[in-house]
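**Q** Sharing a structure below in structure tokens format, with a few things to ask.
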Protein chains: 2
Amino acid sequence: MIEYRNLRIALLGAGSVGSQVARLLLEHGDELAARVGAGLELVGVAVRDVDAPRDTSIPRELLTTDAPTLIRSADIVIELMGGIEPAREFILLAINSGADVVTGNKALLATHGPELFDAAEQVGAQLYYEAAAGGAIPIIRPLRDSLAGDRVKRVMGIVNGTTNFILDRMDVEGSTFDDALATATALGYAEADPTADVEGYDAAQKAAILASLAFHTAVPVEAVHREGMTTVTASQVESAEKAGYVVKLLAICERLVDPETGVEGVVARVHPALISRRHPLAAVHDAKNAVFVQAEAAGDLMFYGAGAGGLETASAVLGDLVSAARRHVAGGPGVGESTHANLPVLGIGSVTTRYQLTLIVTDKPGVLAQIASLFSEHGVSVEAVQQTVASADPARPADEPLTATLVIVTHEASEAALSATVAAVSADDSVVRIESVLRVEGDTP
Amino acid sequence: MIEYRNLRIALLGAGSVGSQVARLLLEHGDELAARVGAGLELVGVAVRDVDAPRDTSIPRELLTTDAPTLIRSADIVIELMGGIEPAREFILLAINSGADVVTGNKALLATHGPELFDAAEQVGAQLYYEAAAGGAIPIIRPLRDSLAGDRVKRVMGIVNGTTNFILDRMDVEGSTFDDALATATALGYAEADPTADVEGYDAAQKAAILASLAFHTAVPVEAVHREGMTTVTASQVESAEKAGYVVKLLAICERLVDPETGVEGVVARVHPALISRRHPLAAVHDAKNAVFVQAEAAGDLMFYGAGAGGLETASAVLGDLVSAARRHVAGGPGVGESTHANLPVLGIGSVTTRYQLTLIVTDKPGVLAQIASLFSEHGVSVEAVQQTVASADPARPADEPLTATLVIVTHEASEAALSATVAAVSADDSVVRIESVLRVEGDTP
């Protein structure tokens with residue numbers, strides 16, 4: 001039997017991820033020790049209430065409510081409490097006590113990342129956060145290390161499992177948003193209050209983390225343009241399918257040059273979008289996550305897996321723990337948050353993309369030509385138009401005109417040009433209403 | 001302007017990957033220096049013939065035929081010559097001269113990996129090889145670091161772009177193998193002699209590398225069971241499509257318990273197989289590669305991207321170079337090839353999997369029952385049968401019986417049980433011939 005020196009591990013939080021991390025640490029201790037070259041001793045688990053009922057195999061004597069004392073005794077602190085405070089305070093305490101930190105706290109990193117990374121850099125401590133974006137999917141390490149010699153152009157991710165589950169049900173089964181949400185709630189994929197997921201707040205936090213890392217630039221969550229997906233309708237999903245697309249809630253981070261000002265910068269945005277059914281992201285079903293990365297040299301890459309789940313996310317936490325522990329044994333460089341590029345963070349107005357507009361128009365000769373001229377007047381070029389004439393409803397009042405549906409897909413256009421076009425179209429007499437406006441991302445089907 | 005100390009980089013080989021590595025190093029030097037915290041100075045490029053015509057921007061004064069002198073002067077040596085010798089000799093020289101090594105040489109690693117890793121370990125040097133499997137796809141680092149706290153159960157990869165291109169054309173366009181190969185050759189996806197690709201030798205080398213890493217066990221390429229894909233026919237691909245499958249050449253590495261002996265070990269194998277069209281690997285088109293990983297805690301993960309190409313593979317080499325350089329600047333642990341698990345390497349006979357058999361039988365009552373009983377006699381359980389009766393050919397000789405096609409998918413069975421079943425079926429009077437036997441991998445569609 002090999003004797004190792006032990007590293008002292010403190011765990012903050014014993015929720016769904018924390019209790020799995022504790023279990024795996026206790027059960028697989030010998031195997032992890034062989035991989036690290038040192039024992040990993042779980043010296044304590046800080047919780048709010050030692051007596052709270054919990055479904056966990058953590059021995060009661062490891063539980064404590066005195067997080068600061070536990071933190072000061074540890075070589076490596078794993079923070080899985082979530083929320084901003086006291087997580088922020090505890091991580092700073094750990095760093096200043098000489099410990100390295102592993103965290104899965106996306107809300108904290110998306111709002112206070114630079115403060116924490118600066119604090120770590122000042123004392124030479126390391127902050128690992130693979131579990132903060134993409135759950136079990138290794139995405140932080142590939143972006144940071146594997147692509148370190150490349151230049152990332154765009155990151156396009158399905159980073160929220162709840163909303164992907166809902167949109168996948170709507171696509172595969174033709175469900176409405178409400179029915180799909182109810183199923184997600186019943187199956188435990190959605191929380192009682194699903195706001196953070198369906199309004200895109202969770203995805204926006206992950207977008208801030210991914211954009212910061214991919215572009216070596218601090219991107220705060222407030223700078224992420226965010227639109228939720230509660231407005232996506234069954235008919236939008238159905239007509240997308242007919243046109244060869246699928247609707248996904250995407251987190252998109254890209255490096256681009258603002259077409260107006262010529263300034264190069266970074267834009268991060270979260271919104272529902274159409275992507276081609278042949279795009280690798282279209283094959284991401286159920287509550288799975290995937291991050292599609294486009295780099296100058298590497299070309300297109302995709303990282304796919306479980307974006308949430310206690311056991312799955314615990315795998316990412318343990319991977320970070322092993323990295324941190326190996327560094328303790330052998331010394332050397334850790335993660336580090338590089339912001340050497342320090343590009344300006346631009347607004348959604350700098351983005352050019354393609355759009356799909358669905359218009360209900362009166363069915364009379366010349367309408368298509370009239371609408372098309374409105375697009376060209378505003379500098380928006382049309383890629384494809386599909387016109388469907390509604391079958392006459394016998395019950396329709398005699399004075400109500402027959403209508404047609406126009407589905408128009410544009411070439412790349414700026415937000416400003418598109419907005420001006422939408423305003424002009426909506427003011428046109430022959431347009432009954434604008435049914436939907438959706439961005440189209442990725443390649444043409 | 002920040003002043004860095006320079007690290008001396010030697011490049012061996014100036015082929016399609018090497019010339020791109022040299023170009024990116026020379027063009028992006030400042031950006032890489034900022035990421036590393038040290039300059040990366042390309043001090044020389046060893047080639048066989050300085051005057052050979054090459055399409056590269058490498059300054060002539062960097063070229064040399066004296067590899068040993070160049071190697072002895074370097075902090076980091078990048079080996080992109082390919083082949084066994086003198087690549088092996090040069091890597092050992094680099095290690096023993098105190099340099100770290102980055103290589104993309106899959107043939108060398110699959111045959112002499114343990115020797116090279118041992119040599120590196122003895123002097124504390126590091127060997128990086130992200131480019132050796134999966135081209136641009138970050139797969140080595142995720143397996144080694146991100147999943148270091150998890151247990152890998154199975155790795156299932158499309159790791160050869162040429163054969164995936166051929167099978168994708170056969171699937172999407174209904175091409176024959178020969179036509180698809182001709183297209184692949186014309187487009188530069190296949191070499192003049194495609195043997196290494198279509199017979200699975202290239203995939204077997206990558207399987208050996210992935211299996212060694214995933215299971216912390218030395219798996220030599222000779223232990224990889226290998227079947228090529230030249231025998232896959234257009235009709236197999238078509239009938240797979242009808243049944244909801246697609247044919248892919250898979251490299252499968254798994255940890256399993258031999259059902260006969262109870263011995264736990266590792267099996268690596270390369271062969272054509274059916275997978276469900278809903279499986280993420282089914283969406284890997286053209287010459288793309290992907291590696292699907294199943295881990296105990298993380299669940300299902302997939303890594304997708306370009307498996308070859310000079311520029312794409314150069315991205316992986318540069319990522320390794322930045323890691324090696326950071327270690328030079330800050331010290332600390334590098335790659336390391338862990339074989340602490342040291343599991344026995346088992347043969348293909350230990351594998352149980354599902355099978356699809358296509359049989360041509362005489363069309364008479366009772367044939368299906370007779371065939372089914374042969375399966376059950378040999379302990380092979382049938383999951384599904386589809387019977388198609390051939391329409392009578394008017395030109396058919398009167399003495400030739402009408403035939404039917406039976407497509408049988410089994411539940412999991414051992415190779416031995418399946419072989420015995422095939423022998424019994426082929427000896428049966430009512431069986432005209434066995435059209436095909438293919439393994440079925442992944443989930444049921």
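FYI, nothing fancy with the structure tokens labels: chains A, B, ... in order, residues from 1 per chain, ligands from 1 as they appear.
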Considering only C-alpha atoms, tabulate each residue of chain B that lies at most 7 Å from chain A along with its nearest interatomic pair and the corresponding distance in Å to one decimal; arrange the rows by chain and ascending residue number and present them as CSV.
**A**
residue,atom,partner,partner_atom,distance
B:Leu32,CA,A:Gly149,CA,6.5
B:Ala34,CA,A:His340,CA,6.9
B:Ala136,CA,A:Ala298,CA,5.3
B:Ile137,CA,A:Leu301,CA,6.6
B:Pro138,CA,A:Ser146,CA,6.0
B:Pro142,CA,A:Pro138,CA,6.2
B:Asp145,CA,A:Gly319,CA,6.0
B:Ser146,CA,A:Gly319,CA,4.6
B:Leu147,CA,A:Gly319,CA,5.3
B:Ala148,CA,A:Gly319,CA,5.0
B:Gly149,CA,A:Leu318,CA,4.6
B:Asp150,CA,A:Ser315,CA,5.7
B:Pro280,CA,A:Ala283,CA,6.6
B:Ala283,CA,A:Pro280,CA,6.6
B:Ala297,CA,A:Glu312,CA,5.1
B:Ala298,CA,A:Glu312,CA,4.1
B:Gly299,CA,A:Glu312,CA,6.3
B:Asp300,CA,A:Gly305,CA,5.6
B:Leu301,CA,A:Gly305,CA,4.3
B:Met302,CA,A:Tyr304,CA,4.8
B:Phe303,CA,A:Phe303,CA,4.9
B:Tyr304,CA,A:Met302,CA,4.8
B:Gly305,CA,A:Leu301,CA,4.3
B:Ala306,CA,A:Asp300,CA,7.0
B:Leu311,CA,A:Ala297,CA,5.4
B:Glu312,CA,A:Ala298,CA,4.1
B:Thr313,CA,A:Ala298,CA,6.8
B:Ser315,CA,A:Ala298,CA,5.2
B:Ala316,CA,A:Ser146,CA,6.4
B:Leu318,CA,A:Gly149,CA,4.6
B:Gly319,CA,A:Ser146,CA,4.6
B:Asp320,CA,A:Ser146,CA,6.8
B:Val322,CA,A:Gly149,CA,6.3
B:Ser323,CA,A:Asp145,CA,6.7
B:Arg327,CA,A:Gly332,CA,6.6
B:Ala330,CA,A:Gly332,CA,5.2
B:Gly331,CA,A:Gly332,CA,4.5
B:Gly332,CA,A:Gly332,CA,3.3
B:Pro333,CA,A:Ala330,CA,5.6
B:His340,CA,A:Ala34,CA,6.9
**Q** Would you mind listing what lies within 9 Å of Leu357 (chain B) as a list in words, with only C-alpha atoms counted and same-chain residues fewer than 3 positions away left out?
**A**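 With the cut-off at 9 Å, the set is Leu406, Val407, Ile408, Val409, Thr410, Val422, Ile434, Glu435, Ser436, Val437, Leu438 and Arg439 of chain B.
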**Q** Output as a PyMOL selection string all residues of region 147-273 of chain A that backbone DSSP marks as strand (DSSP E or B).
**A** chain A and resi 152-158+225-226+245-257+264-273
**Q** Take the residues just selected and output them with N, CA and C atoms as an mmCIF file, in the first residue's frame.
**A**
data_model
loop_
_atom_site.group_PDB
_atom_site.id
_atom_site.type_symbol
_atom_site.label_atom_id
_atom_site.label_comp_id
_atom_site.auth_asym_id
_atom_site.auth_seq_id
_atom_site.Cartn_x
_atom_site.Cartn_y
_atom_site.Cartn_z
ATOM 1 N N VAL A 152 -10.504 32.198 -31.263
ATOM 2 C CA VAL A 152 -11.916 31.868 -31.330
ATOM 3 C C VAL A 152 -12.656 33.000 -32.050
ATOM 4 N N LYS A 153 -13.527 32.628 -32.982
ATOM 5 C CA LYS A 153 -14.323 33.630 -33.687
ATOM 6 C C LYS A 153 -15.717 33.731 -33.095
ATOM 7 N N ARG A 154 -16.317 32.561 -32.797
ATOM 8 C CA ARG A 154 -17.699 32.571 -32.313
ATOM 9 C C ARG A 154 -17.934 31.354 -31.423
ATOM 10 N N VAL A 155 -18.711 31.536 -30.372
ATOM 11 C CA VAL A 155 -19.166 30.447 -29.517
ATOM 12 C C VAL A 155 -20.686 30.484 -29.563
ATOM 13 N N MET A 156 -21.308 29.350 -29.860
ATOM 14 C CA MET A 156 -22.758 29.318 -30.020
ATOM 15 C C MET A 156 -23.235 28.119 -29.213
ATOM 16 N N GLY A 157 -23.967 28.372 -28.114
ATOM 17 C CA GLY A 157 -24.249 27.263 -27.236
ATOM 18 C C GLY A 157 -25.716 27.086 -26.881
ATOM 19 N N ILE A 158 -26.097 25.836 -26.712
ATOM 20 C CA ILE A 158 -27.344 25.485 -26.037
ATOM 21 C C ILE A 158 -26.908 25.191 -24.612
ATOM 22 N N HIS A 225 -26.913 40.770 -24.078
ATOM 23 C CA HIS A 225 -28.271 41.017 -24.580
ATOM 24 C C HIS A 225 -29.109 39.762 -24.346
ATOM 25 N N ARG A 226 -30.262 39.906 -23.717
ATOM 26 C CA ARG A 226 -31.022 38.739 -23.289
ATOM 27 C C ARG A 226 -32.484 38.828 -23.716
ATOM 28 N N TYR A 245 -35.706 24.265 -40.484
ATOM 29 C CA TYR A 245 -35.041 24.826 -39.306
ATOM 30 C C TYR A 245 -35.595 24.222 -38.022
ATOM 31 N N VAL A 246 -34.877 24.467 -36.929
ATOM 32 C CA VAL A 246 -35.392 24.156 -35.610
ATOM 33 C C VAL A 246 -35.139 25.379 -34.732
ATOM 34 N N VAL A 247 -36.074 25.644 -33.781
ATOM 35 C CA VAL A 247 -35.927 26.791 -32.889
ATOM 36 C C VAL A 247 -35.148 26.351 -31.647
ATOM 37 N N LYS A 248 -34.075 27.049 -31.329
ATOM 38 C CA LYS A 248 -33.280 26.766 -30.130
ATOM 39 C C LYS A 248 -33.038 28.078 -29.384
ATOM 40 N N LEU A 249 -32.914 27.999 -28.062
ATOM 41 C CA LEU A 249 -32.470 29.171 -27.299
ATOM 42 C C LEU A 249 -30.945 29.140 -27.309
ATOM 43 N N LEU A 250 -30.343 30.105 -27.995
ATOM 44 C CA LEU A 250 -28.890 30.087 -28.164
ATOM 45 C C LEU A 250 -28.213 31.182 -27.348
ATOM 46 N N ALA A 251 -27.065 30.850 -26.795
ATOM 47 C CA ALA A 251 -26.156 31.849 -26.227
ATOM 48 C C ALA A 251 -25.041 32.020 -27.248
ATOM 49 N N ILE A 252 -24.927 33.220 -27.806
ATOM 50 C CA ILE A 252 -23.959 33.448 -28.884
ATOM 51 C C ILE A 252 -22.960 34.516 -28.437
ATOM 52 N N CYS A 253 -21.685 34.182 -28.514
ATOM 53 C CA CYS A 253 -20.630 35.134 -28.161
ATOM 54 C C CYS A 253 -19.740 35.250 -29.377
ATOM 55 N N GLU A 254 -19.542 36.448 -29.891
ATOM 56 C CA GLU A 254 -18.711 36.552 -31.088
ATOM 57 C C GLU A 254 -17.811 37.769 -31.056
ATOM 58 N N ARG A 255 -16.715 37.627 -31.781
ATOM 59 C CA ARG A 255 -15.773 38.712 -31.977
ATOM 60 C C ARG A 255 -16.104 39.280 -33.339
ATOM 61 N N LEU A 256 -16.368 40.591 -33.420
ATOM 62 C CA LEU A 256 -16.768 41.160 -34.696
ATOM 63 C C LEU A 256 -16.347 42.617 -34.775
ATOM 64 N N VAL A 257 -16.466 43.154 -35.977
ATOM 65 C CA VAL A 257 -16.185 44.569 -36.204
ATOM 66 C C VAL A 257 -17.523 45.265 -36.404
ATOM 67 N N GLU A 264 -13.500 46.936 -33.391
ATOM 68 C CA GLU A 264 -13.541 45.491 -33.165
ATOM 69 C C GLU A 264 -13.844 45.232 -31.695
ATOM 70 N N GLY A 265 -14.765 44.323 -31.447
ATOM 71 C CA GLY A 265 -15.128 44.043 -30.069
ATOM 72 C C GLY A 265 -15.835 42.718 -29.936
ATOM 73 N N VAL A 266 -16.420 42.521 -28.785
ATOM 74 C CA VAL A 266 -17.081 41.271 -28.435
ATOM 75 C C VAL A 266 -18.556 41.548 -28.162
ATOM 76 N N VAL A 267 -19.445 40.712 -28.680
ATOM 77 C CA VAL A 267 -20.873 40.807 -28.355
ATOM 78 C C VAL A 267 -21.331 39.469 -27.801
ATOM 79 N N ALA A 268 -22.108 39.505 -26.732
ATOM 80 C CA ALA A 268 -22.711 38.285 -26.192
ATOM 81 C C ALA A 268 -24.209 38.489 -26.143
ATOM 82 N N ARG A 269 -24.952 37.473 -26.541
ATOM 83 C CA ARG A 269 -26.409 37.614 -26.611
ATOM 84 C C ARG A 269 -27.073 36.261 -26.412
ATOM 85 N N VAL A 270 -28.285 36.310 -25.854
ATOM 86 C CA VAL A 270 -29.082 35.102 -25.623
ATOM 87 C C VAL A 270 -30.467 35.367 -26.182
ATOM 88 N N HIS A 271 -30.929 34.537 -27.079
ATOM 89 C CA HIS A 271 -32.274 34.709 -27.638
ATOM 90 C C HIS A 271 -32.669 33.449 -28.391
ATOM 91 N N PRO A 272 -33.979 33.257 -28.633
ATOM 92 C CA PRO A 272 -34.380 32.132 -29.477
ATOM 93 C C PRO A 272 -33.931 32.416 -30.910
ATOM 94 N N ALA A 273 -33.557 31.381 -31.628
ATOM 95 C CA ALA A 273 -33.127 31.568 -33.018
ATOM 96 C C ALA A 273 -33.413 30.305 -33.805
#
**Q** Please identify all polymer residues within 8 Å of region 176-189 of chain A, counting only C-alpha atoms, omitting same-chain residues fewer than 3 positions from it, and present them as a list in words.
**A**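 Answer for this query is Gly161, Thr162, Phe165, Ile166, Leu167, Arg169, Met170, Ala192, Thr230, Val232, Thr233, Ala234 and Ala287 of chain A.
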**Q** Out of region 2-121 of chain B, which residues get helix (DSSP H, G or I) from DSSP, as a VMD selection string?
**A** chain B and resid 16 to 27 29 to 36 60 to 62 67 to 72 87 to 96 106 to 121
**Q** Measure the distance from CA of Gly442 (chain B) to CA of Ser276 (chain B) in Å and round it to one decimal.
**A** 7.0 Å
**Q** Residues near Glu412 (chain B), anyone? I mean within 10 Å using only C-alpha atoms, not counting same-chain ones fewer than 2 positions away, as a list of chain:residue names.
**A** B:Val351, B:Thr352, B:Thr353, B:Arg354, B:Tyr355, B:Val380, B:Ser381, B:Val382, B:Glu383, B:Val409, B:Thr410, B:Ser414, B:Glu415, B:Leu418, B:Arg439, B:Val440, B:Glu441
**Q** Which one of A:Pro68, A:Gly134, A:Gly104, A:Pro401 sits closest to Glu89 (chain A) if you count only C-alpha atoms?
**A** A:Pro68
**Q** Region 49-65 of chain A: which residues within 6 Å, counting only C-alpha atoms, same-chain residues fewer than 4 positions away excluded, as a PDB file with C-alpha atoms, in the first residue's frame?
**A**
ATOM      1  CA  SER A  19     -23.613  15.631  -1.834  1.00  0.00           C
ATOM      2  CA  GLY A  44     -15.501  19.024   6.478  1.00  0.00           C
ATOM      3  CA  VAL A  45     -18.723  20.048   4.779  1.00  0.00           C
TER       4      VAL A  45
END
